>>> print(open('final_32.pdb').read())   # PDB, C-alpha atoms and all ligand atoms
ATOM      1  CA  ASP A   1       0.000   0.000   0.000
ATOM      2  CA  ALA A   2       1.004   3.636  -0.265
ATOM      3  CA  CYS A   3       3.898   4.600   1.933
ATOM      4  CA  LEU A   4       3.705   7.632   4.164
ATOM      5  CA  GLY A   5       5.788   9.645   1.711
ATOM      6  CA  ASN A   6       3.146   9.247  -0.933
ATOM      7  CA  ASP A   7       0.340  10.111   1.494
ATOM      8  CA  ASP A   8       2.112  13.364   2.303
ATOM      9  CA  ALA A   9       2.397  14.130  -1.386
ATOM     10  CA  VAL A  10      -1.297  13.355  -1.866
ATOM     11  CA  ILE A  11      -2.173  15.617   1.059
ATOM     12  CA  ALA A  12      -0.149  18.400  -0.550
ATOM     13  CA  THR A  13      -2.344  18.242  -3.664
ATOM     14  CA  ASN A  14      -5.034  19.935  -1.588
ATOM     15  CA  ASP A  15      -2.779  22.949  -1.092
ATOM     16  CA  ASP A  16      -2.196  23.097  -4.842
ATOM     17  CA  ALA A  17      -5.919  22.938  -5.570
ATOM     18  CA  SER A  18      -6.701  25.568  -2.947
ATOM     19  CA  THR A  19      -4.106  28.043  -4.208
ATOM     20  CA  CYS A  20      -5.316  27.597  -7.785
ATOM     21  CA  LYS A  21      -8.883  28.307  -6.667
ATOM     22  CA  ARG A  22      -7.823  31.375  -4.730
ATOM     23  CA  CYS A  23      -5.945  32.703  -7.754
ATOM     24  CA  ALA A  24      -8.940  32.295 -10.067
ATOM     25  CA  VAL A  25     -11.321  33.778  -7.484
ATOM     26  CA  ASP A  26      -9.037  36.799  -6.995
ATOM     27  CA  LEU A  27      -9.136  37.378 -10.752
ATOM     28  CA  GLY A  28     -12.937  37.332 -10.740
ATOM     29  CA  TYR A  29     -13.661  33.984 -12.400
ATOM     30  CA  TRP A  30     -16.256  33.169  -9.774
ATOM     31  CA  SER A  31     -17.225  34.457  -6.381
ATOM     32  CA  ASP A  32     -16.023  32.669  -3.258
ATOM     33  CA  PRO A  33     -15.889  34.858  -0.158
ATOM     34  CA  TYR A  34     -14.429  31.970   1.875
ATOM     35  CA  ILE A  35     -11.434  30.580   0.028
ATOM     36  CA  HIS A  36      -9.072  33.270   1.385
ATOM     37  CA  TYR A  37      -9.630  31.974   4.932
ATOM     38  CA  PHE A  38      -7.933  28.769   3.827
ATOM     39  CA  VAL A  39      -5.245  30.134   1.508
ATOM     40  CA  LYS A  40      -3.430  33.277   2.476
ATOM     41  CA  SER A  41      -1.803  34.324  -0.741
ATOM     42  CA  THR A  42      -0.865  32.925  -4.081
ATOM     43  CA  ASP A  43       1.146  33.571  -7.191
ATOM     44  CA  ARG A  44      -0.592  33.921 -10.510
ATOM     45  CA  LYS A  45      -1.480  30.748 -12.405
ATOM     46  CA  ALA A  46      -1.678  30.310 -16.160
ATOM     47  CA  PRO A  47      -4.959  31.446 -17.761
ATOM     48  CA  GLU A  48      -5.876  27.928 -18.899
ATOM     49  CA  ILE A  49      -5.490  26.665 -15.323
ATOM     50  CA  ASN A  50      -7.807  29.408 -14.075
ATOM     51  CA  ARG A  51     -10.395  28.583 -16.714
ATOM     52  CA  GLY A  52     -10.118  24.899 -15.911
ATOM     53  CA  TYR A  53     -10.835  25.516 -12.237
ATOM     54  CA  TYR A  54     -13.674  27.845 -13.181
ATOM     55  CA  ALA A  55     -15.377  25.269 -15.413
ATOM     56  CA  ARG A  56     -15.020  22.556 -12.793
ATOM     57  CA  THR A  57     -16.271  24.650  -9.884
ATOM     58  CA  ILE A  58     -19.266  26.052 -11.738
ATOM     59  CA  ALA A  59     -20.246  22.723 -13.294
ATOM     60  CA  ILE A  60     -20.080  20.856 -10.003
ATOM     61  CA  GLN A  61     -21.936  23.488  -8.021
ATOM     62  CA  SER A  62     -24.635  23.572 -10.667
ATOM     63  CA  LEU A  63     -25.075  19.765 -10.599
ATOM     64  CA  VAL A  64     -25.237  19.767  -6.819
ATOM     65  CA  GLU A  65     -27.780  22.603  -6.842
ATOM     66  CA  LYS A  66     -29.981  20.699  -9.279
ATOM     67  CA  PHE A  67     -29.980  17.683  -6.981
ATOM     68  CA  ILE A  68     -30.799  19.812  -3.945
ATOM     69  CA  ASP A  69     -33.626  21.525  -5.811
ATOM     70  CA  ILE A  70     -35.142  18.234  -6.999
ATOM     71  CA  THR A  71     -35.045  16.832  -3.460
ATOM     72  CA  SER A  72     -36.125  20.138  -1.852
ATOM     73  CA  GLY A  73     -33.058  19.863   0.363
ATOM     74  CA  LYS A  74     -34.155  16.545   1.882
ATOM     75  CA  CYS A  75     -30.814  15.019   1.043
ATOM     76  CA  GLN A  76     -27.252  14.664   2.259
ATOM     77  CA  ILE A  77     -23.945  15.451   0.616
ATOM     78  CA  VAL A  78     -20.777  13.518   1.327
ATOM     79  CA  ASN A  79     -17.702  15.227  -0.056
ATOM     80  CA  ILE A  80     -14.866  12.691   0.024
ATOM     81  CA  GLY A  81     -11.324  14.067  -0.073
ATOM     82  CA  ALA A  82     -12.922  17.464   0.409
ATOM     83  CA  GLY A  83      -9.701  19.295   1.208
ATOM     84  CA  PHE A  84     -10.434  22.985   1.805
ATOM     85  CA  ASP A  85     -13.513  23.022  -0.400
ATOM     86  CA  THR A  86     -15.944  25.841   0.456
ATOM     87  CA  LEU A  87     -18.996  24.317  -1.232
ATOM     88  CA  TYR A  88     -20.990  24.081   2.016
ATOM     89  CA  TRP A  89     -20.756  27.844   2.572
ATOM     90  CA  ARG A  90     -21.354  28.752  -1.086
ATOM     91  CA  LEU A  91     -24.490  26.605  -1.208
ATOM     92  CA  LYS A  92     -25.750  28.186   1.964
ATOM     93  CA  ASP A  93     -25.251  31.652   0.468
ATOM     94  CA  SER A  94     -27.280  30.547  -2.547
ATOM     95  CA  GLY A  95     -30.119  29.688  -0.161
ATOM     96  CA  ARG A  96     -29.618  25.941  -0.322
ATOM     97  CA  VAL A  97     -29.565  23.995   2.897
ATOM     98  CA  VAL A  98     -29.343  20.223   3.046
ATOM     99  CA  LYS A  99     -30.080  17.832   5.902
ATOM    100  CA  GLU A 100     -26.441  16.957   6.396
ATOM    101  CA  PHE A 101     -23.206  17.890   4.683
ATOM    102  CA  TYR A 102     -20.203  15.659   5.371
ATOM    103  CA  GLU A 103     -16.602  16.344   4.493
ATOM    104  CA  LEU A 104     -14.034  13.563   4.753
ATOM    105  CA  ASP A 105     -10.293  13.825   4.376
ATOM    106  CA  PHE A 106      -7.069  12.668   6.024
ATOM    107  CA  PRO A 107      -6.918  13.790   9.690
ATOM    108  CA  SER A 108      -3.967  16.051   8.934
ATOM    109  CA  VAL A 109      -6.119  17.937   6.411
ATOM    110  CA  THR A 110      -9.290  18.080   8.522
ATOM    111  CA  SER A 111      -7.308  19.281  11.570
ATOM    112  CA  ARG A 112      -6.096  22.269   9.565
ATOM    113  CA  LYS A 113      -9.593  22.876   8.254
ATOM    114  CA  CYS A 114     -10.957  22.743  11.833
ATOM    115  CA  LEU A 115      -8.421  25.357  12.839
ATOM    116  CA  TYR A 116      -9.221  27.707   9.960
ATOM    117  CA  ILE A 117     -12.945  27.390  10.620
ATOM    118  CA  GLN A 118     -12.447  28.204  14.314
ATOM    119  CA  ARG A 119     -10.410  31.244  13.439
ATOM    120  CA  SER A 120     -12.791  32.825  11.010
ATOM    121  CA  LYS A 121     -16.101  34.298  11.988
ATOM    122  CA  PRO A 122     -17.852  33.975   8.613
ATOM    123  CA  LEU A 123     -16.950  30.279   8.396
ATOM    124  CA  LEU A 124     -18.146  29.698  11.955
ATOM    125  CA  GLN A 125     -21.314  31.642  11.350
ATOM    126  CA  GLY A 126     -22.057  29.537   8.304
ATOM    127  CA  ILE A 127     -22.090  26.314  10.318
ATOM    128  CA  SER A 128     -23.737  27.735  13.440
ATOM    129  CA  HIS A 129     -27.293  27.055  14.490
ATOM    130  CA  GLU A 130     -29.065  28.731  17.388
ATOM    131  CA  ASP A 131     -29.976  25.614  19.323
ATOM    132  CA  HIS A 132     -27.019  23.454  18.511
ATOM    133  CA  ASP A 133     -23.508  23.553  19.952
ATOM    134  CA  ILE A 134     -20.506  22.996  17.748
ATOM    135  CA  LYS A 135     -18.443  20.020  18.922
ATOM    136  CA  LEU A 136     -14.806  20.068  18.068
ATOM    137  CA  ASN A 137     -11.753  17.971  18.629
ATOM    138  CA  ARG A 138      -8.417  17.926  16.835
ATOM    139  CA  ASN A 139      -9.512  16.305  13.576
ATOM    140  CA  ASN A 140     -13.281  16.427  13.666
ATOM    141  CA  LEU A 141     -15.964  19.038  13.809
ATOM    142  CA  HIS A 142     -19.646  18.374  14.374
ATOM    143  CA  ALA A 143     -22.024  21.242  13.789
ATOM    144  CA  TYR A 144     -25.772  21.316  13.206
ATOM    145  CA  ASN A 145     -25.782  20.045   9.621
ATOM    146  CA  TYR A 146     -22.074  20.176   8.801
ATOM    147  CA  LYS A 147     -19.685  17.415   9.800
ATOM    148  CA  LEU A 148     -15.963  17.423   9.123
ATOM    149  CA  ILE A 149     -14.405  14.002   9.623
ATOM    150  CA  GLY A 150     -10.754  12.989   9.646
ATOM    151  CA  VAL A 151     -10.446   9.518   8.164
ATOM    152  CA  ASP A 152      -8.450   7.520   5.645
ATOM    153  CA  LEU A 153     -10.838   6.637   2.811
ATOM    154  CA  ARG A 154      -8.961   3.370   2.287
ATOM    155  CA  ASN A 155     -10.142   2.199   5.680
ATOM    156  CA  LEU A 156     -13.774   1.391   4.943
ATOM    157  CA  LYS A 157     -14.585   0.129   8.406
ATOM    158  CA  GLU A 158     -13.509   3.404   9.923
ATOM    159  CA  VAL A 159     -15.312   5.416   7.247
ATOM    160  CA  GLU A 160     -18.536   3.572   8.022
ATOM    161  CA  GLU A 161     -18.141   3.890  11.792
ATOM    162  CA  LYS A 162     -17.403   7.585  11.677
ATOM    163  CA  LEU A 163     -20.270   8.326   9.321
ATOM    164  CA  LYS A 164     -22.633   6.379  11.578
ATOM    165  CA  GLU A 165     -21.395   8.294  14.620
ATOM    166  CA  SER A 166     -22.243  11.433  12.653
ATOM    167  CA  ASP A 167     -25.840  10.334  12.049
ATOM    168  CA  ILE A 168     -25.519   9.439   8.389
ATOM    169  CA  GLU A 169     -28.754   8.110   6.886
ATOM    170  CA  PHE A 170     -28.668   5.301   4.379
ATOM    171  CA  GLN A 171     -32.184   5.753   3.018
ATOM    172  CA  ILE A 172     -32.373   9.371   1.896
ATOM    173  CA  PRO A 173     -31.117  10.828  -1.411
ATOM    174  CA  THR A 174     -27.376  11.339  -1.164
ATOM    175  CA  ILE A 175     -24.682  12.913  -3.286
ATOM    176  CA  PHE A 176     -21.168  11.584  -3.050
ATOM    177  CA  LEU A 177     -18.717  14.081  -4.463
ATOM    178  CA  ALA A 178     -15.079  13.358  -5.284
ATOM    179  CA  GLU A 179     -12.914  15.961  -6.988
ATOM    180  CA  CYS A 180      -9.495  14.636  -7.933
ATOM    181  CA  VAL A 181      -9.467  12.108  -5.120
ATOM    182  CA  LEU A 182      -9.986   8.533  -6.341
ATOM    183  CA  VAL A 183      -7.032   8.764  -8.737
ATOM    184  CA  TYR A 184      -4.682   8.970  -5.749
ATOM    185  CA  MET A 185      -5.986   5.737  -4.295
ATOM    186  CA  ASN A 186      -4.995   2.246  -5.245
ATOM    187  CA  ILE A 187      -7.700   0.811  -7.523
ATOM    188  CA  THR A 188      -8.603  -2.062  -5.205
ATOM    189  CA  LYS A 189      -9.304   0.425  -2.430
ATOM    190  CA  SER A 190     -11.273   2.886  -4.541
ATOM    191  CA  SER A 191     -13.315   0.039  -6.058
ATOM    192  CA  GLN A 192     -14.169  -1.264  -2.589
ATOM    193  CA  LEU A 193     -15.247   2.208  -1.575
ATOM    194  CA  LEU A 194     -17.493   2.597  -4.642
ATOM    195  CA  ARG A 195     -19.028  -0.836  -4.078
ATOM    196  CA  TRP A 196     -19.660  -0.102  -0.404
ATOM    197  CA  ILE A 197     -21.374   3.191  -1.267
ATOM    198  CA  THR A 198     -23.774   1.724  -3.809
ATOM    199  CA  GLN A 199     -24.576  -1.257  -1.583
ATOM    200  CA  SER A 200     -25.076   0.747   1.602
ATOM    201  CA  PHE A 201     -26.936   3.789   0.373
ATOM    202  CA  LYS A 202     -30.340   3.449  -1.208
ATOM    203  CA  SER A 203     -30.359   6.439  -3.534
ATOM    204  CA  VAL A 204     -27.047   7.950  -4.597
ATOM    205  CA  LEU A 205     -25.742  10.271  -7.262
ATOM    206  CA  PHE A 206     -21.958  10.113  -7.414
ATOM    207  CA  ILE A 207     -20.187  13.093  -8.974
ATOM    208  CA  ASN A 208     -16.594  12.337  -9.846
ATOM    209  CA  TYR A 209     -14.264  14.947 -11.324
ATOM    210  CA  GLU A 210     -11.017  13.508 -12.504
ATOM    211  CA  MET A 211      -8.395  13.170 -15.173
ATOM    212  CA  VAL A 212      -9.118  11.242 -18.330
ATOM    213  CA  ASN A 213      -7.382  10.291 -21.584
ATOM    214  CA  LEU A 214      -4.104  10.066 -19.721
ATOM    215  CA  HIS A 215      -2.606   7.525 -22.018
ATOM    216  CA  ASP A 216      -2.487   9.121 -25.441
ATOM    217  CA  ARG A 217       0.455  10.998 -26.903
ATOM    218  CA  PHE A 218      -0.467  14.260 -25.215
ATOM    219  CA  GLY A 219      -1.500  12.292 -22.180
ATOM    220  CA  GLU A 220       2.020  11.339 -21.303
ATOM    221  CA  VAL A 221       2.980  15.010 -21.247
ATOM    222  CA  MET A 222      -0.047  15.903 -19.182
ATOM    223  CA  LEU A 223       0.579  13.049 -16.807
ATOM    224  CA  ASN A 224       4.052  14.368 -16.038
ATOM    225  CA  ASN A 225       2.626  17.787 -15.279
ATOM    226  CA  LEU A 226      -0.030  16.253 -13.106
ATOM    227  CA  ARG A 227       2.311  14.304 -10.910
ATOM    228  CA  CYS A 228       1.915  16.858  -8.162
ATOM    229  CA  ARG A 229       4.988  16.901  -5.949
ATOM    230  CA  GLY A 230       5.965  13.431  -6.988
ATOM    231  CA  CYS A 231       2.925  11.521  -5.795
ATOM    232  CA  ASP A 232       1.731   8.545  -7.753
ATOM    233  CA  LEU A 233      -1.529   8.502  -9.616
ATOM    234  CA  GLN A 234      -2.259   4.988  -8.405
ATOM    235  CA  GLY A 235      -5.699   4.961  -9.956
ATOM    236  CA  ALA A 236      -4.583   6.214 -13.369
ATOM    237  CA  GLU A 237      -5.775   3.059 -15.104
ATOM    238  CA  THR A 238      -9.407   4.020 -14.401
ATOM    239  CA  CYS A 239      -8.693   7.365 -16.079
ATOM    240  CA  ARG A 240      -7.722   5.761 -19.363
ATOM    241  CA  ASP A 241     -10.782   7.053 -21.210
ATOM    242  CA  LEU A 242     -14.420   8.024 -20.689
ATOM    243  CA  ASN A 243     -15.448   4.395 -20.925
ATOM    244  CA  THR A 244     -13.135   3.238 -18.104
ATOM    245  CA  GLN A 245     -14.414   6.137 -15.997
ATOM    246  CA  GLU A 246     -17.938   4.764 -16.447
ATOM    247  CA  THR A 247     -17.209   1.061 -16.076
ATOM    248  CA  ARG A 248     -15.333   1.571 -12.800
ATOM    249  CA  PHE A 249     -18.823   2.308 -11.394
ATOM    250  CA  THR A 250     -20.973  -0.170 -13.301
ATOM    251  CA  LYS A 251     -18.457  -2.944 -12.522
ATOM    252  CA  GLU A 252     -18.991  -2.269  -8.834
ATOM    253  CA  GLY A 253     -22.752  -2.582  -9.106
ATOM    254  CA  TRP A 254     -23.932   0.936  -9.962
ATOM    255  CA  ALA A 255     -27.037   1.101 -12.176
ATOM    256  CA  GLY A 256     -25.631   3.637 -14.610
ATOM    257  CA  ALA A 257     -22.799   6.070 -15.282
ATOM    258  CA  GLU A 258     -22.123   8.780 -17.791
ATOM    259  CA  ALA A 259     -18.784  10.515 -18.273
ATOM    260  CA  SER A 260     -18.289  13.781 -20.173
ATOM    261  CA  ASP A 261     -14.980  15.479 -20.785
ATOM    262  CA  MET A 262     -14.593  19.117 -19.821
ATOM    263  CA  LEU A 263     -14.622  20.211 -23.465
ATOM    264  CA  SER A 264     -18.203  19.074 -23.670
ATOM    265  CA  ILE A 265     -19.034  20.442 -20.201
ATOM    266  CA  TRP A 266     -17.563  23.832 -21.196
ATOM    267  CA  GLY A 267     -19.902  23.860 -24.185
ATOM    268  CA  ARG A 268     -22.890  23.377 -21.887
ATOM    269  CA  LEU A 269     -22.134  26.327 -19.603
ATOM    270  CA  PRO A 270     -24.303  29.439 -20.057
ATOM    271  CA  PRO A 271     -23.011  31.396 -23.104
ATOM    272  CA  GLU A 272     -23.093  34.708 -21.244
ATOM    273  CA  GLU A 273     -20.866  33.203 -18.536
ATOM    274  CA  ILE A 274     -18.424  31.896 -21.120
ATOM    275  CA  SER A 275     -18.178  35.281 -22.782
ATOM    276  CA  ARG A 276     -17.686  36.953 -19.397
ATOM    277  CA  VAL A 277     -14.858  34.675 -18.273
ATOM    278  CA  THR A 278     -13.093  34.565 -21.618
ATOM    279  CA  GLN A 279     -12.665  38.326 -21.284
ATOM    280  CA  ILE A 280     -10.881  38.076 -17.945
ATOM    281  CA  GLU A 281      -7.564  36.944 -19.396
ATOM    282  CA  MET A 282      -6.111  36.662 -22.855
ATOM    283  CA  LEU A 283      -5.266  33.143 -23.941
ATOM    284  CA  ASP A 284      -2.261  33.097 -26.227
ATOM    285  CA  GLU A 285      -2.730  29.507 -27.142
ATOM    286  CA  GLN A 286      -6.259  28.209 -27.385
ATOM    287  CA  GLU A 287      -4.773  24.775 -28.017
ATOM    288  CA  LEU A 288      -3.493  24.515 -24.441
ATOM    289  CA  LEU A 289      -6.965  25.051 -23.053
ATOM    290  CA  LEU A 290      -8.482  22.476 -25.369
ATOM    291  CA  GLN A 291      -5.835  19.969 -24.343
ATOM    292  CA  LEU A 292      -6.448  20.618 -20.679
ATOM    293  CA  PHE A 293     -10.209  20.309 -21.084
ATOM    294  CA  SER A 294      -9.867  17.047 -22.960
ATOM    295  CA  HIS A 295      -7.871  15.612 -20.059
ATOM    296  CA  TYR A 296     -10.458  16.115 -17.352
ATOM    297  CA  CYS A 297     -13.973  14.796 -17.038
ATOM    298  CA  ILE A 298     -17.035  14.670 -14.855
ATOM    299  CA  THR A 299     -18.602  11.266 -14.358
ATOM    300  CA  LEU A 300     -22.097  10.985 -12.965
ATOM    301  CA  ALA A 301     -23.039   7.578 -11.580
ATOM    302  CA  TRP A 302     -26.256   6.510  -9.895
ATOM    303  CA  ASN A 303     -27.869   3.531  -8.212
ATOM    304  CA  ASP A 304     -31.324   5.080  -8.495
ATOM    305  CA  SER A 305     -32.580   5.851 -12.003
ATOM    306  CA  ARG A 306     -34.152   9.024 -10.650
ATOM    307  CA  TRP A 307     -30.723  10.678 -10.785
ATOM    308  CA  ALA A 308     -30.041   9.876 -14.428
ATOM    309  CA  GLU A 309     -31.902  13.095 -15.203
ATOM    310  CA  VAL A 310     -29.461  15.297 -13.269
ATOM    311  CA  GLN A 311     -27.386  16.850 -16.012
ATOM    312  CA  LEU A 312     -25.822  20.130 -16.953
TER     313      LEU A 312
HETATM  314  N1  LIG A 401     -11.604  17.799  -3.452
HETATM  315  C1  LIG A 401     -10.766  18.928  -3.092
HETATM  316  C2  LIG A 401     -10.769  19.930  -4.216
HETATM  317  O1  LIG A 401     -11.240  19.622  -5.293
HETATM  318  O2  LIG A 401     -10.268  21.030  -4.008
HETATM  319  C3  LIG A 401      -9.323  18.490  -2.806
HETATM  320  C4  LIG A 401      -8.648  17.802  -3.936
HETATM  321  S1  LIG A 401      -6.993  17.297  -3.592
HETATM  322  C5  LIG A 401      -6.368  17.176  -5.224
HETATM  323  C6  LIG A 401      -7.171  15.583  -3.131
HETATM  324  C7  LIG A 401      -7.685  15.412  -1.712
HETATM  325  O3  LIG A 401      -8.006  14.050  -1.487
HETATM  326  C8  LIG A 401      -6.671  15.815  -0.667
HETATM  327  O4  LIG A 401      -7.242  16.703   0.264
HETATM  328  C9  LIG A 401      -6.285  14.478  -0.035
HETATM  329  O5  LIG A 401      -5.884  14.601   1.306
HETATM  330  C10 LIG A 401      -7.563  13.688  -0.200
HETATM  331  N2  LIG A 401      -7.335  12.236  -0.166
HETATM  332  C11 LIG A 401      -6.685  11.481  -1.083
HETATM  333  N3  LIG A 401      -6.613  10.193  -0.671
HETATM  334  C12 LIG A 401      -7.260  10.138   0.525
HETATM  335  C13 LIG A 401      -7.519   9.091   1.458
HETATM  336  N4  LIG A 401      -7.079   7.841   1.244
HETATM  337  N5  LIG A 401      -8.199   9.386   2.583
HETATM  338  C14 LIG A 401      -8.632  10.642   2.826
HETATM  339  N6  LIG A 401      -8.409  11.691   1.976
HETATM  340  C15 LIG A 401      -7.729  11.436   0.848
END
>>> encode(input="final_32.pdb", output="structure tokens", more="lines below")
Ligand code: SAM
Amino acid sequence: DACLGNDDAVIATNDDASTCKRCAVDLGYWSDPYIHYFVKSTDRKAPEINRGYYARTIAIQSLVEKFIDITSGKCQIVNIGAGFDTLYWRLKDSGRVVKEFYELDFPSVTSRKCLYIQRSKPLLQGISHEDHDIKLNRNNLHAYNYKLIGVDLRNLKEVEEKLKESDIEFQIPTIFLAECVLVYMNITKSSQLLRWITQSFKSVLFINYEMVNLHDRFGEVMLNNLRCRGCDLQGAETCRDLNTQETRFTKEGWAGAEASDMLSIWGRLPPEEISRVTQIEMLDEQELLLQLFSHYCITLAWNDSRWAEVQL
């Protein structure tokens, strides 16, 4: 299994993602009043990186919002490998409240997130509820409908125990969200996790954002760039193409799965938004953006045919 060195490198990918988001937010790609509580400052990233993060953030938030609207908020969200994601607070600002919102990550990541939340009033306010105390220890935070849990996703027994302790419900509509997470896990472990989710939860939409087409000629180049701080992409084989991204779910018992690369997702974003963000920065080489977009995808998988309709 992964040695500690690799785990540390995987943990560091959260800092990379967070700084990239802060950079794009500072430039005005999208609004996130919370990211700067998690990332103090950042250097400027390349325009195609900023656009990539924009497309991903907007697409995922929009899918999640559709699910919440269909279920009138009677649902839960489990963000696995959540890092410093601010989705809970952004959804709340958009008027969307769910029954429970869970965030899981390595204890060393959740302990830092706990600390940042404690230190910032707006983050604390967002999770506060008048008749509910916030319970905190080093790696875990339990608020009214927000739970931050330190756990290794490869340890299914512990994942299950900790979710149960946090009042997870297995019967209500649930989103599992994974953004650039499964690829860092060994395939046996991620497959077990996916199988456990579909077998344990009655009605799930899984949203997976990840690399794809890693193995073509350009792919090799991209793969080198993507090896963040030397950590292995242990799950790269499932990112071979859109088909392998889908079958990794159906093989584990999911009813259906549909993967779309970010080129196609980009084309489905509102035209006025595209024209707004393309004016933020000049792109010298359109080709770079197209390459980047063709190497990432969003896969939607469900075990309840009701969720097949959730699309961009
Ligand atoms: N999802 C966040 C985002 O999109 O900004 C963070 C993405 S970051 C690239 C990958 C995250 O997955 C890291 O926070 C890392 O700690 C977490 N992760 C990877 N493997 C994990 C595991 N076995 N257990 C818990 N967390 C894990």
>>> closest_residue(input="final_32.pdb", among="A:Asp284, A:Glu179, A:Asp241, A:Asp133", to="ligand LIG 401 (chain A)", atoms="all atoms listed in the file")
A:Glu179
>>> atom_distance(input="final_32.pdb", atom1="atom CA of Ile280 of chain A", atom2="atom CA of Asp26 of chain A")
11.2 Å
>>> atom_distance(input="final_32.pdb", atom1="atom CA of Phe84 of chain A", atom2="atom CA of Arg96 of chain A")
19.5 Å
>>> resolve_selection(input="final_32.pdb", expression="the PyMOL selection byres (((chain A and resi 154-156) around 9) and not hetatm)", output="JSON, numbers by chain")
{"A": [151, 152, 153, 157, 158, 159, 160, 161, 185, 186, 189, 190, 192, 193, 196]}
>>> axis_aligned_box(input="final_32.pdb", around="segment 129-143 of chain A", padding_each_side="8 Å", output="lines of an AutoDock Vina configuration file")
center_x = -19.2
center_y = 22.5
center_z = 16.8
size_x = 37.6
size_y = 28.4
size_z = 22.4
>>> atom_distance(input="final_32.pdb", atom1="atom CA of Ser203 of chain A", atom2="atom CA of Asp167 of chain A")
16.7 Å
>>> residues_near_ligand(input="final_32.pdb", ligand="ligand LIG 401 (chain A)", cutoff="9 Å", atoms="only C-alpha atoms and all ligand atoms", output="ChimeraX atom specification")
/A:7-18,21,56-57,79-86,104-110,150-155,177-186,189-190,209,228
>>> write_last_selection(input="final_32.pdb", atoms="C-alpha atoms", output="compact mmCIF listing (two decimals), in the frame of the given file")
# COMPACT_ATOMS: atom_id res chain seq x y z
CA ASP A 7 0.34 10.11 1.49
CA ASP A 8 2.11 13.36 2.30
CA ALA A 9 2.40 14.13 -1.39
CA VAL A 10 -1.30 13.36 -1.87
CA ILE A 11 -2.17 15.62 1.06
CA ALA A 12 -0.15 18.40 -0.55
CA THR A 13 -2.34 18.24 -3.66
CA ASN A 14 -5.03 19.93 -1.59
CA ASP A 15 -2.78 22.95 -1.09
CA ASP A 16 -2.20 23.10 -4.84
CA ALA A 17 -5.92 22.94 -5.57
CA SER A 18 -6.70 25.57 -2.95
CA LYS A 21 -8.88 28.31 -6.67
CA ARG A 56 -15.02 22.56 -12.79
CA THR A 57 -16.27 24.65 -9.88
CA ASN A 79 -17.70 15.23 -0.06
CA ILE A 80 -14.87 12.69 0.02
CA GLY A 81 -11.32 14.07 -0.07
CA ALA A 82 -12.92 17.46 0.41
CA GLY A 83 -9.70 19.30 1.21
CA PHE A 84 -10.43 22.98 1.80
CA ASP A 85 -13.51 23.02 -0.40
CA THR A 86 -15.94 25.84 0.46
CA LEU A 104 -14.03 13.56 4.75
CA ASP A 105 -10.29 13.82 4.38
CA PHE A 106 -7.07 12.67 6.02
CA PRO A 107 -6.92 13.79 9.69
CA SER A 108 -3.97 16.05 8.93
CA VAL A 109 -6.12 17.94 6.41
CA THR A 110 -9.29 18.08 8.52
CA GLY A 150 -10.75 12.99 9.65
CA VAL A 151 -10.45 9.52 8.16
CA ASP A 152 -8.45 7.52 5.64
CA LEU A 153 -10.84 6.64 2.81
CA ARG A 154 -8.96 3.37 2.29
CA ASN A 155 -10.14 2.20 5.68
CA LEU A 177 -18.72 14.08 -4.46
CA ALA A 178 -15.08 13.36 -5.28
CA GLU A 179 -12.91 15.96 -6.99
CA CYS A 180 -9.49 14.64 -7.93
CA VAL A 181 -9.47 12.11 -5.12
CA LEU A 182 -9.99 8.53 -6.34
CA VAL A 183 -7.03 8.76 -8.74
CA TYR A 184 -4.68 8.97 -5.75
CA MET A 185 -5.99 5.74 -4.30
CA ASN A 186 -5.00 2.25 -5.24
CA LYS A 189 -9.30 0.42 -2.43
CA SER A 190 -11.27 2.89 -4.54
CA TYR A 209 -14.26 14.95 -11.32
CA CYS A 228 1.92 16.86 -8.16
>>> closest_residue(input="final_32.pdb", among="A:Lys45, A:His215, A:Tyr116, A:Tyr144", to="His129 of chain A", atoms="only C-alpha atoms")
A:Tyr144
>>> closest_residue(input="final_32.pdb", among="A:Asp32, A:Glu237, A:Asp131, A:Asp69", to="Arg90 of chain A", atoms="only C-alpha atoms")
A:Asp32
>>> residues_near_point(input="final_32.pdb", point="(-15.6, 1.3, -5.6)", cutoff="10 Å", atoms="all atoms listed in the file", output="list in words")
Leu182, Ile187, Thr188, Lys189, Ser190, Ser191, Gln192, Leu193, Leu194, Arg195, Trp196, Ile197, Thr198, Arg248, Phe249, Thr250, Lys251, Glu252, Gly253 and Trp254 of chain A
>>> closest_residue(input="final_32.pdb", among="A:Leu242, A:Ala259, A:Thr247, A:Gln76", to="Glu169 of chain A", atoms="all atoms listed in the file")
A:Gln76
>>> residues_around(input="final_32.pdb", residues="Ile68 of chain A", least_positions_apart="5", cutoff="10 Å", atoms="all atoms listed in the file", output="list of chain:residue names")
A:Ser62, A:Leu63, A:Gly73, A:Lys74, A:Cys75, A:Gln76, A:Ile77, A:Leu91, A:Arg96, A:Val97, A:Val98, A:Pro173, A:Thr174, A:Ile175
>>> closest_residue(input="final_32.pdb", among="A:Ser120, A:Asn208, A:Thr19, A:Thr244", to="Lys40 of chain A", atoms="all atoms listed in the file")
A:Thr19
>>> resolve_selection(input="final_32.pdb", expression="the PyMOL selection byres (((chain A and resi 213) around 8) and not hetatm)", output="list of chain:residue names")
A:Met211, A:Val212, A:Leu214, A:His215, A:Asp216, A:Gly219, A:Cys239, A:Arg240, A:Asp241, A:Leu242, A:Ser294, A:His295, A:Tyr296
>>> closest_residue(input="final_32.pdb", among="A:Thr238, A:Tyr29, A:Gln286, A:Gly267", to="Glu48 of chain A", atoms="all atoms listed in the file")
A:Gln286
>>> residues_around(input="final_32.pdb", residues="Ile207 of chain A", least_positions_apart="4", cutoff="7 Å", atoms="all atoms listed in the file", output="number ranges by chain")
A: 176-178, 298-301
